[in-house]
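Asker: Sharing upload.txt below, compact mmCIF, N, CA and C atoms:
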```txt
# COMPACT_ATOMS: atom_id res chain seq x y z
N GLN A 13 101.15 95.08 118.29
CA GLN A 13 101.53 95.47 116.93
C GLN A 13 100.73 96.69 116.52
N VAL A 14 101.35 97.51 115.68
CA VAL A 14 100.70 98.74 115.27
C VAL A 14 99.43 98.45 114.48
N GLN A 15 98.41 99.26 114.74
CA GLN A 15 97.16 99.16 114.01
C GLN A 15 97.01 100.41 113.15
N LEU A 16 96.60 100.22 111.89
CA LEU A 16 96.51 101.33 110.95
C LEU A 16 95.07 101.50 110.47
N VAL A 17 94.63 102.74 110.41
CA VAL A 17 93.29 103.05 109.93
C VAL A 17 93.37 104.17 108.90
N GLU A 18 92.92 103.88 107.69
CA GLU A 18 92.93 104.87 106.61
C GLU A 18 91.60 105.62 106.58
N SER A 19 91.65 106.82 106.07
CA SER A 19 90.45 107.61 105.85
C SER A 19 90.72 108.63 104.75
N GLY A 20 89.65 109.25 104.27
CA GLY A 20 89.80 110.30 103.28
C GLY A 20 89.43 109.90 101.87
N GLY A 21 89.11 108.64 101.67
CA GLY A 21 88.71 108.22 100.34
C GLY A 21 87.34 108.76 99.98
N GLY A 22 86.98 108.57 98.71
CA GLY A 22 85.67 109.04 98.27
C GLY A 22 85.59 109.08 96.76
N LEU A 23 84.56 109.76 96.29
CA LEU A 23 84.31 109.91 94.86
C LEU A 23 84.73 111.31 94.42
N VAL A 24 85.51 111.39 93.36
CA VAL A 24 85.99 112.67 92.88
C VAL A 24 86.03 112.62 91.35
N GLN A 25 85.87 113.78 90.74
CA GLN A 25 85.96 113.86 89.28
C GLN A 25 87.41 113.86 88.83
N ALA A 26 87.62 113.41 87.63
CA ALA A 26 88.96 113.44 87.06
C ALA A 26 89.53 114.86 87.12
N GLY A 27 90.78 114.95 87.51
CA GLY A 27 91.42 116.25 87.69
C GLY A 27 91.35 116.78 89.10
N GLY A 28 90.54 116.15 89.91
CA GLY A 28 90.37 116.59 91.29
C GLY A 28 91.45 116.06 92.21
N SER A 29 91.25 116.33 93.50
CA SER A 29 92.23 115.96 94.51
C SER A 29 91.56 115.29 95.70
N LEU A 30 92.35 114.45 96.36
CA LEU A 30 91.94 113.85 97.62
C LEU A 30 93.17 113.75 98.51
N ARG A 31 92.94 113.78 99.81
CA ARG A 31 94.02 113.58 100.77
C ARG A 31 93.65 112.41 101.68
N LEU A 32 94.43 111.37 101.60
CA LEU A 32 94.23 110.22 102.46
C LEU A 32 95.07 110.36 103.72
N SER A 33 94.52 109.86 104.82
CA SER A 33 95.25 109.83 106.08
C SER A 33 95.34 108.40 106.57
N CYS A 34 96.40 108.12 107.26
CA CYS A 34 96.59 106.81 107.87
C CYS A 34 97.05 107.05 109.30
N VAL A 35 96.19 106.74 110.24
CA VAL A 35 96.49 106.96 111.65
C VAL A 35 96.87 105.64 112.30
N ALA A 36 97.99 105.66 112.99
CA ALA A 36 98.48 104.46 113.68
C ALA A 36 98.12 104.51 115.16
N SER A 37 97.83 103.35 115.70
CA SER A 37 97.56 103.24 117.12
C SER A 37 98.20 101.97 117.66
N ARG A 38 98.18 101.82 118.98
CA ARG A 38 98.75 100.69 119.71
C ARG A 38 100.27 100.73 119.75
N ALA A 39 100.90 101.40 118.82
CA ALA A 39 102.36 101.51 118.81
C ALA A 39 102.76 102.70 117.96
N THR A 40 103.93 103.21 118.21
CA THR A 40 104.44 104.32 117.41
C THR A 40 104.95 103.83 116.07
N ILE A 41 104.81 104.69 115.05
CA ILE A 41 105.39 104.38 113.74
C ILE A 41 106.62 105.24 113.50
N ARG A 42 107.11 105.85 114.57
CA ARG A 42 108.23 106.79 114.45
C ARG A 42 109.44 106.16 113.78
N THR A 43 109.68 104.88 114.02
CA THR A 43 110.85 104.23 113.45
C THR A 43 110.52 103.37 112.23
N CYS A 44 109.29 103.51 111.74
CA CYS A 44 108.83 102.66 110.64
C CYS A 44 108.79 103.42 109.32
N ALA A 45 109.32 102.81 108.28
CA ALA A 45 109.00 103.29 106.95
C ALA A 45 107.53 102.96 106.68
N MET A 46 106.89 103.81 105.90
CA MET A 46 105.47 103.62 105.62
C MET A 46 105.24 103.60 104.12
N GLY A 47 104.21 102.89 103.73
CA GLY A 47 103.91 102.81 102.31
C GLY A 47 102.42 102.88 102.05
N TRP A 48 102.10 103.24 100.82
CA TRP A 48 100.73 103.19 100.32
C TRP A 48 100.71 102.24 99.12
N PHE A 49 99.74 101.37 99.12
CA PHE A 49 99.51 100.47 98.00
C PHE A 49 98.05 100.63 97.56
N ARG A 50 97.74 100.13 96.39
CA ARG A 50 96.36 100.18 95.93
C ARG A 50 96.01 98.92 95.16
N GLN A 51 94.73 98.61 95.15
CA GLN A 51 94.26 97.44 94.42
C GLN A 51 92.96 97.78 93.72
N ALA A 52 93.00 97.70 92.41
CA ALA A 52 91.81 97.92 91.59
C ALA A 52 91.10 96.58 91.38
N PRO A 53 89.81 96.62 91.06
CA PRO A 53 89.06 95.38 90.84
C PRO A 53 89.69 94.52 89.77
N GLY A 54 89.90 93.25 90.09
CA GLY A 54 90.46 92.32 89.13
C GLY A 54 91.96 92.44 88.92
N LYS A 55 92.61 93.29 89.71
CA LYS A 55 94.05 93.49 89.55
C LYS A 55 94.76 93.17 90.86
N GLU A 56 96.06 92.96 90.75
CA GLU A 56 96.86 92.70 91.94
C GLU A 56 97.15 94.02 92.68
N ARG A 57 97.44 93.87 93.96
CA ARG A 57 97.82 95.04 94.74
C ARG A 57 99.14 95.58 94.20
N GLU A 58 99.22 96.90 94.07
CA GLU A 58 100.43 97.51 93.51
C GLU A 58 100.94 98.63 94.40
N PHE A 59 102.23 98.80 94.35
CA PHE A 59 102.92 99.85 95.10
C PHE A 59 102.55 101.21 94.55
N VAL A 60 102.31 102.16 95.45
CA VAL A 60 102.05 103.54 95.06
C VAL A 60 103.21 104.44 95.48
N THR A 61 103.54 104.40 96.77
CA THR A 61 104.59 105.27 97.29
C THR A 61 105.04 104.81 98.66
N SER A 62 106.23 105.22 99.06
CA SER A 62 106.73 104.93 100.39
C SER A 62 107.53 106.11 100.91
N ILE A 63 107.68 106.14 102.22
CA ILE A 63 108.47 107.19 102.87
C ILE A 63 109.30 106.54 103.96
N SER A 64 110.55 106.98 104.06
CA SER A 64 111.45 106.40 105.06
C SER A 64 111.03 106.77 106.46
N TRP A 65 111.63 106.12 107.44
CA TRP A 65 111.25 106.37 108.83
C TRP A 65 111.48 107.83 109.21
N SER A 66 112.50 108.44 108.64
CA SER A 66 112.83 109.83 108.96
C SER A 66 112.03 110.82 108.14
N GLY A 67 111.43 110.34 107.07
CA GLY A 67 110.75 111.26 106.16
C GLY A 67 111.67 111.86 105.12
N GLY A 68 112.95 111.53 105.20
CA GLY A 68 113.91 112.14 104.31
C GLY A 68 114.00 111.50 102.94
N SER A 69 113.39 110.36 102.76
CA SER A 69 113.46 109.66 101.48
C SER A 69 112.07 109.16 101.09
N THR A 70 111.72 109.42 99.85
CA THR A 70 110.43 108.95 99.34
C THR A 70 110.64 108.25 98.01
N SER A 71 109.68 107.41 97.67
CA SER A 71 109.72 106.69 96.40
C SER A 71 108.30 106.62 95.85
N TYR A 72 108.17 106.74 94.52
CA TYR A 72 106.86 106.74 93.89
C TYR A 72 106.83 105.79 92.70
N ALA A 73 105.68 105.20 92.48
CA ALA A 73 105.46 104.46 91.24
C ALA A 73 105.44 105.47 90.09
N ASP A 74 105.90 105.05 88.93
CA ASP A 74 105.93 105.96 87.79
C ASP A 74 104.55 106.51 87.45
N SER A 75 103.54 105.71 87.69
CA SER A 75 102.18 106.10 87.32
C SER A 75 101.63 107.27 88.15
N VAL A 76 102.24 107.53 89.31
CA VAL A 76 101.73 108.60 90.17
C VAL A 76 102.76 109.71 90.40
N LYS A 77 103.95 109.52 89.88
CA LYS A 77 105.02 110.50 90.11
C LYS A 77 104.61 111.86 89.57
N GLY A 78 104.80 112.87 90.39
CA GLY A 78 104.43 114.23 90.00
C GLY A 78 103.00 114.60 90.32
N ARG A 79 102.19 113.61 90.70
CA ARG A 79 100.79 113.88 91.03
C ARG A 79 100.48 113.57 92.50
N PHE A 80 101.14 112.58 93.05
CA PHE A 80 100.90 112.17 94.44
C PHE A 80 102.09 112.58 95.30
N THR A 81 101.78 112.88 96.58
CA THR A 81 102.82 113.24 97.53
C THR A 81 102.56 112.55 98.86
N ILE A 82 103.55 111.83 99.34
CA ILE A 82 103.46 111.19 100.64
C ILE A 82 104.17 112.05 101.67
N SER A 83 103.61 112.09 102.87
CA SER A 83 104.25 112.83 103.96
C SER A 83 103.88 112.15 105.27
N ARG A 84 104.56 112.55 106.32
CA ARG A 84 104.27 111.97 107.62
C ARG A 84 104.41 113.00 108.72
N ASP A 85 103.66 112.78 109.79
CA ASP A 85 103.75 113.60 110.99
C ASP A 85 103.90 112.64 112.15
N ASN A 86 105.13 112.42 112.56
CA ASN A 86 105.38 111.42 113.60
C ASN A 86 104.78 111.83 114.94
N ALA A 87 104.64 113.11 115.18
CA ALA A 87 104.03 113.56 116.43
C ALA A 87 102.56 113.13 116.50
N LYS A 88 101.94 113.01 115.33
CA LYS A 88 100.54 112.59 115.27
C LYS A 88 100.39 111.11 114.90
N ASN A 89 101.54 110.45 114.73
CA ASN A 89 101.51 109.02 114.36
C ASN A 89 100.69 108.81 113.09
N THR A 90 100.87 109.69 112.13
CA THR A 90 100.01 109.73 110.94
C THR A 90 100.84 109.89 109.68
N VAL A 91 100.37 109.22 108.64
CA VAL A 91 100.96 109.35 107.31
C VAL A 91 99.87 109.83 106.36
N TYR A 92 100.26 110.66 105.40
CA TYR A 92 99.30 111.24 104.47
C TYR A 92 99.65 110.88 103.04
N LEU A 93 98.64 110.87 102.21
CA LEU A 93 98.85 110.74 100.76
C LEU A 93 98.00 111.81 100.08
N GLN A 94 98.67 112.83 99.58
CA GLN A 94 98.00 113.88 98.81
C GLN A 94 97.95 113.44 97.36
N MET A 95 96.76 113.37 96.81
CA MET A 95 96.58 112.91 95.44
C MET A 95 95.96 114.05 94.61
N ASP A 96 96.70 114.53 93.66
CA ASP A 96 96.25 115.60 92.78
C ASP A 96 96.15 115.10 91.34
N SER A 97 95.45 115.86 90.53
CA SER A 97 95.29 115.51 89.11
C SER A 97 94.86 114.06 88.95
N LEU A 98 93.87 113.68 89.70
CA LEU A 98 93.43 112.29 89.70
C LEU A 98 92.87 111.87 88.36
N LYS A 99 93.10 110.61 88.03
CA LYS A 99 92.64 110.03 86.77
C LYS A 99 91.72 108.84 87.07
N PRO A 100 90.85 108.48 86.15
CA PRO A 100 89.99 107.32 86.38
C PRO A 100 90.79 106.05 86.69
N GLU A 101 91.97 105.93 86.13
CA GLU A 101 92.78 104.74 86.40
C GLU A 101 93.37 104.72 87.80
N ASP A 102 93.19 105.78 88.56
CA ASP A 102 93.60 105.79 89.97
C ASP A 102 92.54 105.14 90.87
N THR A 103 91.41 104.82 90.30
CA THR A 103 90.34 104.18 91.07
C THR A 103 90.81 102.86 91.65
N ALA A 104 90.69 102.72 92.96
CA ALA A 104 91.17 101.52 93.65
C ALA A 104 90.88 101.64 95.14
N VAL A 105 91.09 100.56 95.85
CA VAL A 105 91.15 100.61 97.30
C VAL A 105 92.59 100.91 97.67
N TYR A 106 92.79 101.91 98.49
CA TYR A 106 94.13 102.32 98.89
C TYR A 106 94.41 101.82 100.31
N TYR A 107 95.58 101.21 100.45
CA TYR A 107 95.98 100.62 101.72
C TYR A 107 97.24 101.29 102.24
N CYS A 108 97.24 101.55 103.52
CA CYS A 108 98.42 102.03 104.22
C CYS A 108 99.13 100.83 104.85
N ALA A 109 100.45 100.87 104.87
CA ALA A 109 101.20 99.75 105.42
C ALA A 109 102.43 100.24 106.16
N ALA A 110 102.79 99.51 107.21
CA ALA A 110 103.97 99.85 108.01
C ALA A 110 105.05 98.78 107.84
N ASP A 111 106.25 99.25 107.52
CA ASP A 111 107.41 98.37 107.47
C ASP A 111 107.95 98.28 108.89
N LEU A 112 107.80 97.13 109.51
CA LEU A 112 108.12 97.00 110.93
C LEU A 112 109.61 96.83 111.20
N ARG A 113 110.42 96.80 110.15
CA ARG A 113 111.87 96.77 110.35
C ARG A 113 112.31 98.16 110.78
N PRO A 114 112.91 98.30 111.95
CA PRO A 114 113.27 99.64 112.44
C PRO A 114 114.23 100.37 111.52
N TYR A 115 113.95 101.65 111.32
CA TYR A 115 114.83 102.57 110.59
C TYR A 115 115.04 102.17 109.13
N SER A 116 114.00 101.61 108.54
CA SER A 116 114.09 101.24 107.13
C SER A 116 113.82 102.46 106.24
N ASP A 117 114.33 102.40 105.03
CA ASP A 117 114.06 103.46 104.06
C ASP A 117 112.78 103.21 103.28
N GLY A 118 112.15 102.07 103.52
CA GLY A 118 110.94 101.75 102.80
C GLY A 118 111.20 100.80 101.65
N ALA A 119 110.14 100.29 101.07
CA ALA A 119 110.27 99.32 99.99
C ALA A 119 109.04 99.36 99.10
N SER A 120 109.20 98.87 97.89
CA SER A 120 108.07 98.82 96.95
C SER A 120 107.43 97.44 96.93
N VAL A 121 107.96 96.54 97.75
CA VAL A 121 107.47 95.17 97.78
C VAL A 121 106.54 94.99 98.98
N ALA A 122 105.34 94.52 98.72
CA ALA A 122 104.34 94.41 99.78
C ALA A 122 104.77 93.48 100.91
N SER A 123 105.53 92.48 100.60
CA SER A 123 105.93 91.49 101.61
C SER A 123 106.85 92.08 102.68
N LYS A 124 107.42 93.26 102.43
CA LYS A 124 108.30 93.91 103.40
C LYS A 124 107.50 94.60 104.51
N TYR A 125 106.21 94.74 104.31
CA TYR A 125 105.37 95.46 105.26
C TYR A 125 104.63 94.47 106.16
N GLY A 126 104.72 94.72 107.45
CA GLY A 126 104.17 93.76 108.40
C GLY A 126 102.81 94.12 108.96
N SER A 127 102.37 95.32 108.73
CA SER A 127 101.08 95.74 109.26
C SER A 127 100.34 96.54 108.20
N TRP A 128 99.05 96.25 108.06
CA TRP A 128 98.24 96.86 107.00
C TRP A 128 96.94 97.41 107.57
N GLY A 129 96.46 98.48 106.94
CA GLY A 129 95.15 98.99 107.26
C GLY A 129 94.08 98.24 106.49
N GLN A 130 92.84 98.64 106.71
CA GLN A 130 91.72 97.93 106.08
C GLN A 130 91.41 98.48 104.69
N GLY A 131 91.98 99.62 104.36
CA GLY A 131 91.79 100.20 103.04
C GLY A 131 90.69 101.25 103.00
N THR A 132 90.83 102.16 102.04
CA THR A 132 89.81 103.18 101.80
C THR A 132 89.59 103.29 100.30
N GLN A 133 88.34 103.36 99.89
CA GLN A 133 88.00 103.36 98.47
C GLN A 133 88.17 104.76 97.87
N VAL A 134 88.85 104.79 96.75
CA VAL A 134 88.97 106.01 95.95
C VAL A 134 88.39 105.74 94.58
N THR A 135 87.42 106.54 94.19
CA THR A 135 86.79 106.38 92.89
C THR A 135 86.89 107.70 92.13
N VAL A 136 87.45 107.63 90.93
CA VAL A 136 87.64 108.82 90.10
C VAL A 136 86.76 108.67 88.88
N SER A 137 85.83 109.58 88.70
CA SER A 137 84.92 109.53 87.57
C SER A 137 85.46 110.35 86.42
N SER A 138 85.14 109.92 85.22
CA SER A 138 85.64 110.62 84.02
C SER A 138 84.67 111.71 83.58
```
If you convert what's in this file into structure tokens, what do you get?
Answerer:
Amino acid sequence: QVQLVESGGGLVQAGGSLRLSCVASRATIRTCAMGWFRQAPGKEREFVTSISWSGGSTSYADSVKGRFTISRDNAKNTVYLQMDSLKPEDTAVYYCAADLRPYSDGASVASKYGSWGQGTQVTVSS
């Protein structure tokens, strides 16, 4: 089964930017839709964004629309999350996830994803 490792998290001031990476190993994610979720302390895990297996379709939570951009490089087996205009409320652990259903367009529901990374902490200071 595919293994996912996130990186790129850290501490940034409000208004700043971060780029998260999610590198897959043990299997290709070429046919997998991919998603990013986040979980803040004391809150449930929430959908951030997803990208279809082809990269041709993306979906964003309203809270990040216009500020975050998901992309993928299938040759590198990697998915990215560019986060701009960060706000303190974006503070959370960010998780990368793979939808193991082949050729899916992605989903906003966590249960549709069969493989998860360990998460990377993003902290936005005011």
Asker: Leaving out A:Cys108 and any residue of its chain fewer than 6 positions from it, which residues lie within 6 Å of it when counting all atoms listed in the file, given as a VMD selection string?
Answerer: chain A and resid 47 to 49 127 to 129 131
Asker: Store the residues picked out above, limited to N, CA and C atoms, as a CSV table (one decimal), in the coordinates of the input.
Answerer:
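Once everything was written out, this is again.csv:
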```
chain,number,residue,atom,x,y,z
A,47,GLY,N,104.2,102.9,103.7
A,47,GLY,CA,103.9,102.8,102.3
A,47,GLY,C,102.4,102.9,102.0
A,48,TRP,N,102.1,103.2,100.8
A,48,TRP,CA,100.7,103.2,100.3
A,48,TRP,C,100.7,102.2,99.1
A,49,PHE,N,99.7,101.4,99.1
A,49,PHE,CA,99.5,100.5,98.0
A,49,PHE,C,98.0,100.6,97.6
A,127,SER,N,102.4,95.3,108.7
A,127,SER,CA,101.1,95.7,109.3
A,127,SER,C,100.3,96.5,108.2
A,128,TRP,N,99.0,96.2,108.1
A,128,TRP,CA,98.2,96.9,107.0
A,128,TRP,C,96.9,97.4,107.6
A,129,GLY,N,96.5,98.5,106.9
A,129,GLY,CA,95.2,99.0,107.3
A,129,GLY,C,94.1,98.2,106.5
A,131,GLY,N,92.0,99.6,104.4
A,131,GLY,CA,91.8,100.2,103.0
A,131,GLY,C,90.7,101.2,103.0
```
Asker: What gap, in Å, lies between atom C of A:Arg57 and atom CA of A:Val17?
Answerer: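 Straight-line distance from atom C of A:Arg57 to atom CA of A:Val17 works out to 18.4 Å.
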Asker: Which residues are close to A:Ser71, i.e. within 7 Å by only C-alpha atoms, leaving aside same-chain residues fewer than 4 positions away? Reply as a VMD selection string.
Answerer: chain A and resid 61 to 63
Asker: As an exercise, work out the distance from atom CA of A:Ala45 to atom C of A:Gln13 in Å and give it to one decimal place.
Answerer: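 Computing the Euclidean distance for atom CA of A:Ala45 and atom C of A:Gln13 yields 14.3 Å.
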Asker: Report, in Å with one decimal, the straight-line distance from atom N of A:Glu101 to atom CA of A:Ala26.
Answerer: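 It comes out at 8.1 Å.
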Asker: Counting only N, CA and C atoms, which residues of stretch 48-113 of chain A fall within 5 Å of stretch 30-41 of chain A, and what is the closest atom pair for each with its distance in Å at one decimal, ordered by chain and rising number, as a Markdown table?
Answerer:
```
| residue | atom | partner | partner_atom | distance |
| --- | --- | --- | --- | --- |
| A:Asn89 | C | A:Ala36 | N | 4.2 |
| A:Thr90 | CA | A:Cys34 | C | 4.3 |
| A:Val91 | C | A:Cys34 | N | 4.0 |
| A:Tyr92 | CA | A:Leu32 | C | 4.4 |
| A:Leu93 | C | A:Leu32 | N | 3.9 |
| A:Gln94 | CA | A:Arg31 | CA | 4.4 |
| A:Met95 | N | A:Leu30 | C | 4.0 |
```
Asker: From a DSSP pass on the backbone, collect the residues of chain A flagged as strand (DSSP E or B) and hand them back as a ChimeraX atom specification.
Answerer: /A:15-19,22-25,30-37,45-51,58-63,70-72,80-85,90-95,104-111,127-128,132-137
Asker: With only N, CA and C atoms as the basis for distance, which of A:Ala119, A:Ala52, A:Ile82, A:Leu23 is at the shortest distance from A:Gln133?
Answerer: A:Leu23
Asker: At most 5 Å from (89.7, 108.2, 100.8), file frame, only N, CA and C atoms: which residues, as a PyMOL selection string?
Answerer: chain A and resi 19-22+132-133
Asker: Keeping N, CA and C atoms for every residue in the selection just given, could you write it to a file as a PDB file, in the coordinates of the input?
Answerer:
```
ATOM      1  N   SER A  19      91.650 106.820 106.070  1.00  0.00           N
ATOM      2  CA  SER A  19      90.450 107.610 105.850  1.00  0.00           C
ATOM      3  C   SER A  19      90.720 108.630 104.750  1.00  0.00           C
ATOM      4  N   GLY A  20      89.650 109.250 104.270  1.00  0.00           N
ATOM      5  CA  GLY A  20      89.800 110.300 103.280  1.00  0.00           C
ATOM      6  C   GLY A  20      89.430 109.900 101.870  1.00  0.00           C
ATOM      7  N   GLY A  21      89.110 108.640 101.670  1.00  0.00           N
ATOM      8  CA  GLY A  21      88.710 108.220 100.340  1.00  0.00           C
ATOM      9  C   GLY A  21      87.340 108.760  99.980  1.00  0.00           C
ATOM     10  N   GLY A  22      86.980 108.570  98.710  1.00  0.00           N
ATOM     11  CA  GLY A  22      85.670 109.040  98.270  1.00  0.00           C
ATOM     12  C   GLY A  22      85.590 109.080  96.760  1.00  0.00           C
ATOM     13  N   THR A 132      90.830 102.160 102.040  1.00  0.00           N
ATOM     14  CA  THR A 132      89.810 103.180 101.800  1.00  0.00           C
ATOM     15  C   THR A 132      89.590 103.290 100.300  1.00  0.00           C
ATOM     16  N   GLN A 133      88.340 103.360  99.890  1.00  0.00           N
ATOM     17  CA  GLN A 133      88.000 103.360  98.470  1.00  0.00           C
ATOM     18  C   GLN A 133      88.170 104.760  97.870  1.00  0.00           C
TER      19      GLN A 133
END
```
Asker: Calculated over only N, CA and C atoms, which of the candidates A:Pro114, A:Gly126, A:Gly78, A:Gly54 has the smallest distance to A:Ser97?
Answerer: A:Gly78
Asker: Can you pull out the residues contacting A:Thr43? Cut-off 8 Å, using only N, CA and C atoms, and skip same-chain residues under 2 positions away; I want them as a list in words.
Answerer: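 So, after excluding close chain neighbours, the residues are Thr40, Ile41, Ala45, Met46, Ser64, Trp65, Ser66, Asn86, Asp111, Leu112, Arg113, Pro114, Tyr115 and Ser116 of chain A.
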Asker: I want to know what sits within 8 Å of A:Gly28, based on only N, CA and C atoms, with residues of the same chain fewer than 4 positions away left out; could you give that as JSON, numbers by chain?
Answerer: {"A": [24, 95, 96, 97, 98, 99, 136]}
Asker: Let me make sure I understand: among A:Asp74, A:Arg42, A:Glu58, A:Arg50, which one has the smallest atom-to-atom distance to A:Ala87 if we use only C-alpha atoms?
Answerer: A:Arg42
